[in-house]
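Asker: Quick one: this structure, given as structure tokens, is what I'll be asking you about.
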Amino acid sequence: MMTIPNILTLSRIALIPLFVVLYYLQPDYSAAPHFSWINFWVTGVYAAISITDYLDGYLARKLDMASKLGAFLDPVADKLMVSTALVLLVDYYPSGSHWYIGVCALIIISREILVSALREWMGAIGQRSAINVSLVGKVKTFVQIFAILFLLYQQPFFGLPSFEIGVTLLLVATLLTLYSGFVYLKEGIKTFKF
């Protein structure tokens, strides 16, 4: 069913390849540390992807257009956009001096896979509603998006250090990721029969 929210969700997925292409068109900032318009576009495309993440859910509720397709596509799009950006950031920042970015990315992506598998399991046994998105999960997503935006921007943001802000937010997002993953796992384990 092609509703406005579903079209927005699909457009979010469709923008991911453009985001990746723009990302790899950026100059080497260590060789030429000056602002690049490509960097602006990379950050802008990711911001657009993130805004549609909010808009599709808002419109689905406001226009009463929630659908099973939307409920399936929305978390898939979320995981694709976050995982793609984190992999690209791990590729960009050297692992020696910025190892913590790789560790955070590994934790966040692993949690996304675990929760997806858990949702699949809960759906198979008819208890999917037992692990609906929590407030902590929503805050985690919000913090992740801003962490990624600051790390992508790589330029001072109104005089503020983008990298340091991005890393701080990424660490907070990782802690929220661990907590929310634990909450989901705790609910899921109740349904396991050993």
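By order of appearance in the structure tokens: chains A, B, ..., then residues from 1 within every chain, and ligands from 1 in the order shown.
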Tell me, as a PyMOL selection string, which residues lie within 9 Å of Glu112 (chain A), counting only C-alpha atoms; anything in the same chain fewer than 5 positions away does not count.
Answerer: chain A and resi 79+83+107+117+177+181
Asker: Please identify which residues in region 44-181 of chain A DSSP calls alpha helix (DSSP H) from the backbone, and express them as a ChimeraX atom specification.
Answerer: /A:44-62,68-92,99-124,135-153,162-181
Asker: Neighbours of Gln144 (chain A) within 8 Å (only C-alpha atoms; same-chain residues fewer than 5 positions away dropped), as a VMD selection string?
Answerer: chain A and resid 82 169 to 170 173
Asker: I need the chosen residues saved as a compact mmCIF listing (two decimals), in the first residue's frame, with N, CA and C atoms.
Answerer:
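As a result, out10.txt now contains:
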# COMPACT_ATOMS: atom_id res chain seq x y z
N VAL A 82 21.60 4.00 9.72
CA VAL A 82 22.56 4.09 10.82
C VAL A 82 23.77 3.20 10.55
N LEU A 169 28.41 12.42 21.80
CA LEU A 169 27.06 11.93 21.52
C LEU A 169 27.07 10.45 21.14
N LEU A 170 28.11 10.03 20.40
CA LEU A 170 28.21 8.62 20.01
C LEU A 170 28.39 7.73 21.23
N ALA A 173 25.06 7.56 22.91
CA ALA A 173 24.19 6.68 22.12
C ALA A 173 24.55 5.22 22.34
Asker: Fewer than 3 positions away in the same chain doesn't count, so skip those; otherwise give me all residues within 12 Å of Val87 (chain A), counting only C-alpha atoms, as an MDAnalysis selection string.
Answerer: chainID A and resid 20 23 79:84 90:93 101:106 108:109 148 152
Asker: For Tyr179 (chain A), list every protein, DNA or RNA residue within 12 Å, evaluated using only C-alpha atoms, and leave out those in the same chain fewer than 4 positions away; present the list as an mmCIF file with C-alpha atoms, in the first residue's frame.
Answerer:
data_model
loop_
_atom_site.group_PDB
_atom_site.id
_atom_site.type_symbol
_atom_site.label_atom_id
_atom_site.label_comp_id
_atom_site.auth_asym_id
_atom_site.auth_seq_id
_atom_site.Cartn_x
_atom_site.Cartn_y
_atom_site.Cartn_z
ATOM 1 C CA ILE A 107 28.071 -2.355 19.616
ATOM 2 C CA ILE A 108 25.351 -0.340 17.873
ATOM 3 C CA ARG A 111 22.406 -4.503 18.960
ATOM 4 C CA SER A 134 10.520 2.147 24.045
ATOM 5 C CA LEU A 135 11.181 5.781 24.919
ATOM 6 C CA VAL A 136 14.843 4.896 25.543
ATOM 7 C CA GLY A 137 15.002 3.392 22.049
ATOM 8 C CA VAL A 139 16.069 8.773 22.503
ATOM 9 C CA LYS A 140 18.894 6.454 21.430
ATOM 10 C CA VAL A 172 26.032 8.434 24.971
ATOM 11 C CA ALA A 173 24.190 6.681 22.122
ATOM 12 C CA THR A 174 26.268 3.542 22.720
ATOM 13 C CA LEU A 175 25.341 3.492 26.411
ATOM 14 C CA VAL A 183 15.658 -4.270 28.113
ATOM 15 C CA TYR A 184 14.547 -5.887 24.825
ATOM 16 C CA LEU A 185 16.598 -9.022 25.520
ATOM 17 C CA LYS A 186 15.167 -9.310 29.031
#
Asker: Between A:Ile125, A:Ile13, A:Leu25, A:Ile4, which has the minimum distance to Asn39 (chain A) (counting only C-alpha atoms)?
Answerer: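 The closest residue to Asn39 (chain A) is A:Leu25.
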Asker: Go through region 99-165 of chain A residue by residue and, counting only C-alpha atoms, keep those with an atom at most 10 Å from region 47-71 of chain A; for each kept residue give the shortest atom pair and its distance in Å to one decimal, ordered by chain and increasing number, as a tab-separated table.
Answerer:
residue	atom	partner	partner_atom	distance
A:Thr141	CA	A:Ser50	CA	9.7
A:Phe142	CA	A:Ser50	CA	9.0
A:Ile145	CA	A:Ser50	CA	6.9
A:Phe146	CA	A:Ala47	CA	8.9
A:Ile148	CA	A:Ala47	CA	9.6
A:Leu149	CA	A:Ala47	CA	7.1
Asker: Please identify all polymer residues within 9 Å of Gln26 (chain A), counting only C-alpha atoms, omitting same-chain residues fewer than 3 positions from it, and present them as a compact mmCIF listing (two decimals) with C-alpha atoms, in the first residue's frame.
Answerer:
# COMPACT_ATOMS: atom_id res chain seq x y z
CA LEU A 22 28.83 11.65 -2.02
CA TYR A 23 30.75 10.37 0.99
CA TYR A 29 40.68 16.50 4.66
CA SER A 36 34.28 21.26 0.92
CA TRP A 37 30.78 21.67 -0.49
CA ILE A 38 30.66 17.90 -0.89
CA ASN A 39 30.96 17.60 2.89
CA VAL A 42 26.95 14.53 2.56
Asker: Taking only C-alpha atoms into account, which of A:Met2, A:Leu88, A:Leu15, A:Val76 comes nearest Ile113 (chain A)?
Answerer: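 The closest residue to Ile113 (chain A) is A:Val76.
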Asker: Which is closer to Arg12 (chain A) than all the others in A:Asp78, A:Gly44, A:Thr168, A:Tyr24, using only C-alpha atoms?
Answerer: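 Result for the nearest residue to Arg12 (chain A): A:Asp78.
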Asker: Choose the residue, out of A:Tyr100, A:Trp121, A:Phe192, A:Phe40, that has the smallest atom-to-atom separation from Leu171 (chain A); count only C-alpha atoms.
Answerer: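 Using only C-alpha atoms, the shortest distance to Leu171 (chain A) belongs to A:Tyr100.
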